[in-house]
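Pasting structure_25.txt here (compact mmCIF, C-alpha atoms):
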# COMPACT_ATOMS: atom_id res chain seq x y z
CA MET N 86 10.62 44.98 136.37
CA GLU N 87 10.59 47.70 138.99
CA GLU N 88 9.14 50.84 137.43
CA LYS N 89 11.33 53.89 137.67
CA ARG N 90 10.21 56.19 140.45
CA LEU N 91 10.29 59.92 139.90
CA ILE N 92 10.31 63.35 141.56
CA GLN N 93 6.98 65.21 141.63
CA VAL N 94 6.57 68.88 142.57
CA TYR N 95 3.33 70.67 143.43
CA THR N 96 3.84 74.40 143.73
CA GLY N 97 1.98 77.68 143.14
CA ASP N 98 -0.36 79.92 145.12
CA GLY N 99 -3.58 77.94 144.70
CA LYS N 100 -5.28 75.40 146.96
CA GLY N 101 -4.57 71.76 146.17
CA LYS N 102 -0.86 71.16 146.78
CA THR N 103 -1.08 69.31 150.08
CA THR N 104 -4.38 67.64 149.18
CA ALA N 105 -2.90 66.37 145.88
CA SER N 106 -0.01 64.85 147.81
CA ILE N 107 -2.45 63.23 150.25
CA GLY N 108 -4.37 61.87 147.28
CA GLN N 109 -1.17 60.46 145.80
CA ALA N 110 -0.37 58.79 149.12
CA ILE N 111 -3.86 57.25 149.23
CA ARG N 112 -3.67 56.02 145.63
CA ALA N 113 -0.26 54.51 146.23
CA LYS N 114 -1.46 52.89 149.44
CA GLY N 115 -4.31 51.33 147.45
CA HIS N 116 -1.63 49.46 145.53
CA LYS N 117 0.16 48.44 148.74
CA PHE N 118 3.01 50.90 148.35
CA ARG N 119 4.96 51.65 151.50
CA VAL N 120 4.28 55.35 152.02
CA CYS N 121 5.71 57.94 154.41
CA PHE N 122 4.15 61.38 154.71
CA VAL N 123 6.36 64.10 156.20
CA HIS N 124 4.87 67.48 156.91
CA LEU N 125 6.84 70.58 157.70
CA PHE N 126 5.69 73.80 159.36
CA LYS N 127 2.42 72.25 160.47
CA HIS N 128 1.64 72.18 164.11
CA SER N 129 -1.35 70.24 165.33
CA GLU N 130 -2.02 72.84 167.99
CA ASP N 131 -2.42 75.51 165.33
CA PHE N 132 -4.73 73.41 163.24
CA PRO N 133 -5.78 69.81 163.96
CA TYR N 134 -5.20 68.54 160.43
CA GLY N 135 -7.93 66.05 159.61
CA GLU N 136 -5.78 63.99 157.30
CA VAL N 137 -3.15 63.01 159.86
CA GLU N 138 -5.30 60.58 161.81
CA VAL N 139 -6.70 59.03 158.64
CA LEU N 140 -3.25 58.52 157.12
CA LYS N 141 -2.08 56.89 160.35
CA GLU N 142 -5.18 54.68 160.46
CA LEU N 143 -4.28 53.47 156.96
CA GLY N 144 -0.78 52.51 158.05
CA ILE N 145 0.89 55.45 156.35
CA GLU N 146 3.68 56.73 158.54
CA THR N 147 3.32 60.44 159.28
CA ILE N 148 6.22 62.48 160.57
CA SER N 149 6.21 66.12 161.64
CA LEU N 150 9.47 68.01 161.12
CA VAL N 151 10.12 71.69 161.88
CA PRO N 152 6.65 72.07 163.36
CA HIS N 153 6.84 75.82 163.82
CA HIS N 154 6.85 78.55 161.25
CA PRO N 155 7.63 82.12 162.32
CA HIS N 156 4.43 83.26 160.64
CA PHE N 157 2.48 81.54 163.42
CA HIS N 158 5.17 81.47 166.13
CA ARG N 159 6.87 84.82 166.21
CA ASN N 160 8.88 83.97 169.32
CA ILE N 161 11.01 81.47 167.39
CA SER N 162 14.02 82.98 165.67
CA PRO N 163 14.77 82.44 161.96
CA GLU N 164 18.18 81.07 163.05
CA GLN N 165 16.44 78.40 165.11
CA ILE N 166 14.19 77.47 162.17
CA ARG N 167 17.23 77.32 159.86
CA GLU N 168 18.90 74.91 162.26
CA ASP N 169 15.74 72.81 162.53
CA CYS N 170 15.47 72.71 158.73
CA LEU N 171 19.05 71.46 158.40
CA LYS N 172 18.30 68.73 160.93
CA ALA N 173 15.15 67.89 158.97
CA LEU N 174 17.24 67.40 155.81
CA GLU N 175 19.38 64.86 157.65
CA SER N 176 16.27 63.05 158.91
CA ILE N 177 14.86 62.97 155.37
CA LYS N 178 18.09 61.52 153.98
CA LYS N 179 17.77 58.71 156.52
CA LEU N 180 14.17 58.11 155.39
CA PHE N 181 15.50 57.59 151.86
CA HIS N 182 16.93 54.29 153.04
CA LYS N 183 14.02 52.86 155.00
CA GLY N 184 12.51 51.00 152.05
CA TYR N 185 9.61 53.32 151.30
CA ASP N 186 8.10 53.36 147.81
CA MET N 187 6.78 56.90 148.22
CA LEU N 188 7.89 59.77 150.41
CA VAL N 189 5.93 63.03 150.59
CA LEU N 190 7.71 66.15 151.84
CA ASP N 191 4.76 68.44 152.37
CA GLU N 192 5.57 72.17 152.39
CA ILE N 193 9.32 71.62 152.12
CA LEU N 194 9.49 74.24 149.37
CA VAL N 195 8.28 76.85 151.85
CA ALA N 196 11.64 76.39 153.60
CA LEU N 197 13.25 77.48 150.35
CA ARG N 198 10.89 80.37 149.70
CA ASP N 199 11.43 81.70 153.21
CA LYS N 200 15.21 81.22 152.99
CA PHE N 201 15.52 78.66 155.80
CA LEU N 202 17.07 76.30 153.27
CA LYS N 203 19.25 77.06 150.26
CA GLU N 204 18.43 75.91 146.76
CA GLU N 205 21.63 73.85 146.58
CA GLU N 206 20.71 72.06 149.82
CA ILE N 207 17.39 70.92 148.32
CA LEU N 208 19.08 69.99 145.02
CA GLU N 209 21.65 67.93 146.90
CA LEU N 210 18.79 66.13 148.67
CA LEU N 211 17.13 65.40 145.33
CA ASN N 212 20.41 64.02 143.98
CA GLN N 213 20.41 61.47 146.77
CA LYS N 214 16.91 60.10 146.02
CA PRO N 215 17.07 56.34 145.50
CA GLY N 216 15.75 55.13 142.13
CA SER N 217 13.16 52.99 143.92
CA LEU N 218 11.50 55.96 145.67
CA GLU N 219 8.75 58.26 144.35
CA LEU N 220 9.49 61.61 146.00
CA ILE N 221 6.85 64.34 146.22
CA LEU N 222 7.65 67.92 147.20
CA THR N 223 4.99 70.53 147.85
CA GLY N 224 4.89 74.20 148.70
CA ARG N 225 5.12 77.60 147.14
CA GLY N 226 8.65 78.39 146.15
CA ALA N 227 9.82 75.90 143.50
CA THR N 228 12.73 77.46 141.67
CA LYS N 229 13.76 77.01 138.06
CA LYS N 230 16.53 74.59 139.02
CA ILE N 231 14.21 72.47 141.14
CA ILE N 232 11.71 72.36 138.29
CA GLU N 233 14.52 71.26 135.96
CA LYS N 234 15.51 68.50 138.36
CA ALA N 235 11.93 67.22 138.87
CA ASP N 236 10.15 64.86 136.49
CA LEU N 237 6.61 66.09 137.05
CA VAL N 238 5.69 69.62 138.05
CA THR N 239 2.24 71.10 138.44
CA GLU N 240 1.65 74.73 139.30
CA MET N 241 -1.51 75.09 141.36
CA ARG N 242 -2.59 78.50 140.17
CA LYS N 243 -5.10 80.40 142.26
CA ILE N 244 -7.98 81.56 140.08
CA LYS N 245 -10.28 82.17 143.04
CA HIS N 246 -9.98 81.54 146.76
CA PRO N 247 -12.50 82.31 149.50
CA PHE N 248 -9.69 83.62 151.78
CA THR N 249 -9.54 86.69 149.55
CA ARG N 250 -13.11 87.53 150.46
CA GLY N 251 -12.46 87.12 154.15
CA ILE N 252 -13.53 83.51 154.69
CA LYS N 253 -11.22 81.96 157.30
CA GLU N 254 -9.66 78.50 157.33
CA ARG N 255 -12.45 75.96 157.46
CA ARG N 256 -12.31 72.71 159.44
CA GLY N 257 -12.39 69.66 157.17
CA ILE N 258 -11.47 71.80 154.16
CA ASP N 259 -8.32 73.79 154.94
CA TYR N 260 -7.08 71.67 157.85
CA MET I 82 -23.14 77.60 163.72
CA GLU I 83 -22.94 75.51 160.58
CA GLU I 84 -20.15 76.87 158.42
CA LYS I 85 -21.18 77.79 154.91
CA ARG I 86 -20.19 75.12 152.45
CA LEU I 87 -18.86 76.12 149.06
CA ILE I 88 -18.18 75.04 145.48
CA GLN I 89 -14.58 74.10 144.64
CA VAL I 90 -13.26 73.57 141.11
CA TYR I 91 -9.97 71.89 140.13
CA THR I 92 -9.25 72.27 136.44
CA GLY I 93 -6.33 72.63 134.02
CA ASP I 94 -4.02 70.28 132.14
CA GLY I 95 -1.68 69.33 134.98
CA LYS I 96 -1.61 66.33 137.29
CA GLY I 97 -3.24 66.83 140.68
CA LYS I 98 -6.96 67.43 140.09
CA THR I 99 -8.29 64.03 141.10
CA THR I 100 -5.64 63.54 143.76
CA ALA I 101 -6.48 66.95 145.30
CA SER I 102 -10.13 65.93 145.49
CA ILE I 103 -9.14 62.61 147.10
CA GLY I 104 -7.04 64.58 149.60
CA GLN I 105 -9.99 66.84 150.38
CA ALA I 106 -12.19 63.80 150.94
CA ILE I 107 -9.60 62.33 153.31
CA ARG I 108 -9.17 65.58 155.24
CA ALA I 109 -12.94 65.97 155.57
CA LYS I 110 -13.27 62.36 156.68
CA GLY I 111 -10.68 63.06 159.37
CA HIS I 112 -13.18 65.52 160.82
CA LYS I 113 -16.03 62.98 160.55
CA PHE I 114 -17.66 64.62 157.55
CA ARG I 115 -20.03 62.42 155.58
CA VAL I 116 -18.33 62.20 152.20
CA CYS I 117 -19.42 60.79 148.85
CA PHE I 118 -16.95 60.43 145.99
CA VAL I 119 -18.45 60.14 142.51
CA HIS I 120 -16.17 59.43 139.60
CA LEU I 121 -17.11 59.74 135.97
CA PHE I 122 -15.47 58.22 132.90
CA LYS I 123 -13.35 55.88 135.01
CA HIS I 124 -13.69 52.22 134.46
CA SER I 125 -11.97 49.80 136.80
CA GLU I 126 -11.24 47.42 133.94
CA ASP I 127 -9.23 50.11 132.15
CA PHE I 128 -7.27 51.03 135.25
CA PRO I 129 -7.72 49.54 138.73
CA TYR I 130 -7.71 52.87 140.58
CA GLY I 131 -5.87 52.40 143.85
CA GLU I 132 -7.85 55.03 145.69
CA VAL I 133 -11.25 53.39 145.29
CA GLU I 134 -10.67 50.54 147.72
CA VAL I 135 -9.05 52.83 150.27
CA LEU I 136 -11.91 55.33 150.15
CA LYS I 137 -14.41 52.49 150.61
CA GLU I 138 -12.38 51.07 153.49
CA LEU I 139 -12.63 54.47 155.19
CA GLY I 140 -16.41 54.51 154.87
CA ILE I 141 -16.45 57.05 152.04
CA GLU I 142 -19.16 56.10 149.59
CA THR I 143 -17.78 55.76 146.05
CA ILE I 144 -20.08 55.79 143.05
CA SER I 145 -19.14 55.27 139.42
CA LEU I 146 -21.31 57.11 136.88
CA VAL I 147 -20.85 57.06 133.08
CA PRO I 148 -18.01 54.57 133.34
CA HIS I 149 -17.05 54.71 129.68
CA HIS I 150 -15.43 57.47 127.72
CA PRO I 151 -15.26 57.18 123.92
CA HIS I 152 -11.52 57.83 124.12
CA PHE I 153 -11.10 54.36 125.64
CA HIS I 154 -14.29 52.72 124.35
CA ARG I 155 -14.74 53.62 120.73
CA ASN I 156 -17.70 51.29 120.26
CA ILE I 157 -19.91 53.49 122.47
CA SER I 158 -21.63 56.31 120.59
CA PRO I 159 -21.47 59.95 121.73
CA GLU I 160 -25.30 59.91 121.83
CA GLN I 161 -25.19 57.06 124.33
CA ILE I 162 -22.68 58.94 126.49
CA ARG I 163 -24.81 62.09 126.32
CA GLU I 164 -27.79 60.09 127.55
CA ASP I 165 -25.73 58.51 130.35
CA CYS I 166 -24.46 61.97 131.39
CA LEU I 167 -28.01 63.30 131.63
CA LYS I 168 -28.97 60.34 133.81
CA ALA I 169 -25.85 61.00 135.91
CA LEU I 170 -27.01 64.59 136.51
CA GLU I 171 -30.30 63.27 137.88
CA SER I 172 -28.47 60.80 140.13
CA ILE I 173 -26.25 63.61 141.41
CA LYS I 174 -29.24 65.81 142.21
CA LYS I 175 -30.62 62.97 144.34
CA LEU I 176 -27.25 62.73 146.13
CA PHE I 177 -27.65 66.41 147.06
CA HIS I 178 -30.38 65.36 149.48
CA LYS I 179 -28.75 62.38 151.17
CA GLY I 180 -27.22 64.37 154.00
CA TYR I 181 -23.61 64.40 152.80
CA ASP I 182 -21.28 67.16 153.97
CA MET I 183 -19.01 66.80 150.94
CA LEU I 184 -19.66 65.49 147.45
CA VAL I 185 -16.86 65.09 144.91
CA LEU I 186 -17.76 64.93 141.22
CA ASP I 187 -14.48 63.74 139.78
CA GLU I 188 -13.97 64.48 136.06
CA ILE I 189 -17.46 65.91 135.60
CA LEU I 190 -15.97 68.88 133.74
CA VAL I 191 -14.69 66.51 131.07
CA ALA I 192 -18.35 65.94 130.16
CA LEU I 193 -18.56 69.65 129.45
CA ARG I 194 -15.27 69.86 127.55
CA ASP I 195 -16.28 66.93 125.36
CA LYS I 196 -19.79 68.32 124.80
CA PHE I 197 -21.69 65.49 126.48
CA LEU I 198 -23.19 68.07 128.84
CA LYS I 199 -24.04 71.70 128.21
CA GLU I 200 -22.74 74.54 130.32
CA GLU I 201 -26.26 75.50 131.39
CA GLU I 202 -26.92 71.96 132.59
CA ILE I 203 -23.92 72.09 134.91
CA LEU I 204 -24.82 75.61 136.07
CA GLU I 205 -28.36 74.46 136.84
CA LEU I 206 -26.87 71.62 138.90
CA LEU I 207 -24.69 74.08 140.82
CA ASN I 208 -27.74 76.26 141.51
CA GLN I 209 -29.36 73.32 143.26
CA LYS I 210 -26.47 72.66 145.66
CA PRO I 211 -27.72 72.71 149.26
CA GLY I 212 -26.01 75.25 151.53
CA SER I 213 -24.87 72.44 153.82
CA LEU I 214 -22.89 70.64 151.10
CA GLU I 215 -19.28 71.23 150.01
CA LEU I 216 -19.28 70.39 146.29
CA ILE I 217 -16.04 69.64 144.44
CA LEU I 218 -15.83 69.47 140.65
CA THR I 219 -12.75 68.31 138.80
CA GLY I 220 -11.65 67.96 135.20
CA ARG I 221 -10.29 69.94 132.32
CA GLY I 222 -12.93 72.16 130.82
CA ALA I 223 -14.09 74.68 133.45
CA THR I 224 -15.68 77.59 131.59
CA LYS I 225 -15.76 81.25 132.56
CA LYS I 226 -19.32 80.96 133.85
CA ILE I 227 -18.52 77.93 135.97
CA ILE I 228 -15.52 79.73 137.42
CA GLU I 229 -17.77 82.71 138.21
CA LYS I 230 -20.25 80.45 139.97
CA ALA I 231 -17.61 78.60 142.03
CA ASP I 232 -16.13 79.91 145.28
CA LEU I 233 -12.68 78.36 144.97
CA VAL I 234 -10.95 77.57 141.70
CA THR I 235 -7.45 76.24 141.17
CA GLU I 236 -5.95 75.71 137.76
CA MET I 237 -3.55 72.78 137.83
CA ARG I 238 -1.11 73.96 135.22
CA LYS I 239 1.23 71.41 133.66
CA ILE I 240 4.79 72.64 133.88
CA LYS I 241 6.27 69.19 133.26
CA HIS I 242 4.75 65.74 132.92
CA PRO I 243 6.54 62.44 132.26
CA PHE I 244 3.82 61.42 129.75
CA THR I 245 5.33 63.93 127.34
CA ARG I 246 8.58 62.00 127.36
CA GLY I 247 6.82 58.72 126.70
CA ILE I 248 6.43 57.40 130.23
CA LYS I 249 3.10 55.53 130.44
CA GLU I 250 0.52 55.57 133.22
CA ARG I 251 2.15 54.20 136.35
CA ARG I 252 0.37 51.97 138.87
CA GLY I 253 0.05 53.66 142.27
CA ILE I 254 0.77 57.05 140.71
CA ASP I 255 -1.60 57.64 137.81
CA TYR I 256 -4.23 55.06 138.79
Please re-express this file's structure in C-alpha cells.
Amino acid sequence: MEEKRLIQVYTGDGKGKTTASIGQAIRAKGHKFRVCFVHLFKHSEDFPYGEVEVLKELGIETISLVPHHPHFHRNISPEQIREDCLKALESIKKLFHKGYDMLVLDEILVALRDKFLKEEEILELLNQKPGSLELILTGRGATKKIIEKADLVTEMRKIKHPFTRGIKERRGIDY
Amino acid sequence: MEEKRLIQVYTGDGKGKTTASIGQAIRAKGHKFRVCFVHLFKHSEDFPYGEVEVLKELGIETISLVPHHPHFHRNISPEQIREDCLKALESIKKLFHKGYDMLVLDEILVALRDKFLKEEEILELLNQKPGSLELILTGRGATKKIIEKADLVTEMRKIKHPFTRGIKERRGIDY
C-alpha cells in the first residue's frame, strides 16, 4: 500500500531549515524516491550554493524560482517580486502533477513573511497537494494556519549563531 | 586564509537534527570539503537509512559507532554501551587528525542524555577539536555547558509530529 505522504514545515530563526530539507531529499533519494528541490530567493551569483551541484549529480531536479530578493537586489520592486511569486505558485502547482514523491519548496515561507504572497494563497496551494506527494516548506514566517494545515512542523530556534558575533557567511557551511 | 572552523550543535525534540547534518555534509561536499559522517546508535538492520548509501556514493566516509541502543536492543547491558561509547570517543579523537574539513557526530548527544557518556568527556572531546575542522554534534541532550562551548546551536523544537497521532516511521522520511 502506498504510504500517505504529508506536509512538513521547517521554520524559525535558527540555522538548519534548508539543510534539513536537503537531508530529507537525500534520505528520500536513498530509497529511490523521485525528488524535486525548488529554491526561492536564492541566486547563484549571490552565493554559489554548494548543495545545488550535488543534488543535480544525484539526479534530483533543482529549480530556481523568484531568484531575487529585495534584501540583496534593491533595484527590483516589491510589485515585481509579488508578480514573480504568483507565477512561481502556478509553476509549483504544475510540479504537483509531474509524478514526484517529494517536493521541497525551500524558503517559500519567506514570501509570506515579506508579504509577497498571502496566507490564503499558500493555504490554497497546500489544499491542492496530491496524496502521493511529500511536500516540504521551509523559511521563517510559518503562520498559525499553515502550522494547523501541516502534519509535521519543527521550529528551528536559534540558541546561538556566529553571525551575531560578526562572523560572515561561510563557504561550505552557509552556502 | 583558512576560515576558522566551528562547533555546531543541533538538539531538541523536533525532527530535523540528523537531516540538517546530512544537508550540511552535502553542502560542504559541494565545495569539495573532505567530510566524514559518523552515526551512533543507528543499526542498519533496525532501519535501512536511505542517506547512508547516498553519502557513500558521494565519497563521504560514513562510520557507524555504537550501533546498538538499549531502547531497540534490550539484551545489551548499559555497561556494555558505556564501554562502547568510551571506545567511540577514542575513535573520534583519531578522526580529528585524518585531515577532514567536516566531521558529523550524529546522535552523539543521546549518549549524554542517556548517561552512557559524561558531560566532561564530551567537553574534553570538544577541547581537542582541531581549528581546521568543522564539528557537528546532533541529538537530544545538549547541556548548558555544551551550548556554551559550541559556536552555533539550534534547538529543533517539535511543534507537530505525526508520530504523536500514531503514524509510524516512514521509509524515505524517517530512515
Using only C-alpha atoms, which residues sit within 9 Å of Leu188 (chain N) once same-chain residues fewer than 6 positions away are excluded, as a list in words?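 My list of contacting residues is Ala110, Arg119, Val120, Cys121, Phe122, Val123, Leu180, Phe181, Leu218, Glu219, Leu220, Ile221 and Leu222 of chain N.
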Please determine the residues with any atom at most 12 Å from (-17.3, 60.2, 163.5) (coordinates as given in the file, with all atoms listed in the file counting) and report them as a short mmCIF file (atom, residue, chain, number, x, y, z; two decimals) with C-alpha atoms, in the frame of the given file.
data_model
loop_
_atom_site.label_atom_id
_atom_site.label_comp_id
_atom_site.auth_asym_id
_atom_site.auth_seq_id
_atom_site.Cartn_x
_atom_site.Cartn_y
_atom_site.Cartn_z
CA GLY N 135 -7.93 66.05 159.61
CA VAL N 139 -6.70 59.03 158.64
CA ALA I 109 -12.94 65.97 155.57
CA LYS I 110 -13.27 62.36 156.68
CA GLY I 111 -10.68 63.06 159.37
CA HIS I 112 -13.18 65.52 160.82
CA LYS I 113 -16.03 62.98 160.55
CA PHE I 114 -17.66 64.62 157.55
CA ARG I 115 -20.03 62.42 155.58
CA VAL I 116 -18.33 62.20 152.20
CA LEU I 139 -12.63 54.47 155.19
CA GLY I 140 -16.41 54.51 154.87
CA ILE I 141 -16.45 57.05 152.04
#
Let me make sure I understand: among I:Glu160, I:Glu132, I:Glu200, I:Glu138, which one has the smallest atom-to-atom distance to chain N if we use all atoms listed in the file?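 Nearest to chain N: I:Glu132.
Using all atoms listed in the file for every distance, the candidate list N:Asp199, N:Leu190, N:His153, N:Glu206 yields N:Glu206 as the residue closest to Leu171 (chain N).
With CA of Ser172 (chain I) on one side and CA of Leu121 (chain I) on the other, the separation reads 12.1 Å.
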Output as a ChimeraX atom specification the set of chain N residues within 7 Å of chain I, with distances taken over only C-alpha atoms. /N:99-101,104-105,107-109,111-113,115-116,135-136,138-139,236-247,257-258,260
Store the residues picked out above in a file with C-alpha atoms, as an mmCIF file, in the frame of the given file.
data_model
loop_
_atom_site.group_PDB
_atom_site.id
_atom_site.type_symbol
_atom_site.label_atom_id
_atom_site.label_comp_id
_atom_site.auth_asym_id
_atom_site.auth_seq_id
_atom_site.Cartn_x
_atom_site.Cartn_y
_atom_site.Cartn_z
ATOM 1 C CA GLY N 99 -3.580 77.940 144.700
ATOM 2 C CA LYS N 100 -5.280 75.400 146.960
ATOM 3 C CA GLY N 101 -4.570 71.760 146.170
ATOM 4 C CA THR N 104 -4.380 67.640 149.180
ATOM 5 C CA ALA N 105 -2.900 66.370 145.880
ATOM 6 C CA ILE N 107 -2.450 63.230 150.250
ATOM 7 C CA GLY N 108 -4.370 61.870 147.280
ATOM 8 C CA GLN N 109 -1.170 60.460 145.800
ATOM 9 C CA ILE N 111 -3.860 57.250 149.230
ATOM 10 C CA ARG N 112 -3.670 56.020 145.630
ATOM 11 C CA ALA N 113 -0.260 54.510 146.230
ATOM 12 C CA GLY N 115 -4.310 51.330 147.450
ATOM 13 C CA HIS N 116 -1.630 49.460 145.530
ATOM 14 C CA GLY N 135 -7.930 66.050 159.610
ATOM 15 C CA GLU N 136 -5.780 63.990 157.300
ATOM 16 C CA GLU N 138 -5.300 60.580 161.810
ATOM 17 C CA VAL N 139 -6.700 59.030 158.640
ATOM 18 C CA ASP N 236 10.150 64.860 136.490
ATOM 19 C CA LEU N 237 6.610 66.090 137.050
ATOM 20 C CA VAL N 238 5.690 69.620 138.050
ATOM 21 C CA THR N 239 2.240 71.100 138.440
ATOM 22 C CA GLU N 240 1.650 74.730 139.300
ATOM 23 C CA MET N 241 -1.510 75.090 141.360
ATOM 24 C CA ARG N 242 -2.590 78.500 140.170
ATOM 25 C CA LYS N 243 -5.100 80.400 142.260
ATOM 26 C CA ILE N 244 -7.980 81.560 140.080
ATOM 27 C CA LYS N 245 -10.280 82.170 143.040
ATOM 28 C CA HIS N 246 -9.980 81.540 146.760
ATOM 29 C CA PRO N 247 -12.500 82.310 149.500
ATOM 30 C CA GLY N 257 -12.390 69.660 157.170
ATOM 31 C CA ILE N 258 -11.470 71.800 154.160
ATOM 32 C CA TYR N 260 -7.080 71.670 157.850
#
Could you list as a VMD selection string every residue that has an atom within 6 Å of (-16.6, 57.6, 130.8), using the file's coordinates and counting only C-alpha atoms? chain I and resid 121 to 123 147 to 150
Please indicate the distance in Å from CA of Glu205 (chain N) to CA of Leu174 (chain N), rounded to one decimal place.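 Answer for the CA of Glu205 (chain N) to CA of Leu174 (chain N) separation: 12.1 Å.
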Residue nearest Glu205 (chain I) among I:Asp187, I:Lys230, I:His178, I:His154 (counting all atoms listed in the file):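 Among the listed residues, I:Lys230 lies closest to Glu205 (chain I).
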Could you tell me which of I:Gln161, I:Leu190, I:Pro211, I:Glu250 comes closest to Ile227 (chain I) if we count all atoms listed in the file?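 Among the listed residues, I:Leu190 lies closest to Ile227 (chain I).
For the pair CA of Tyr185 (chain N) and CA of Leu211 (chain N), the interatomic distance is 15.4 Å.
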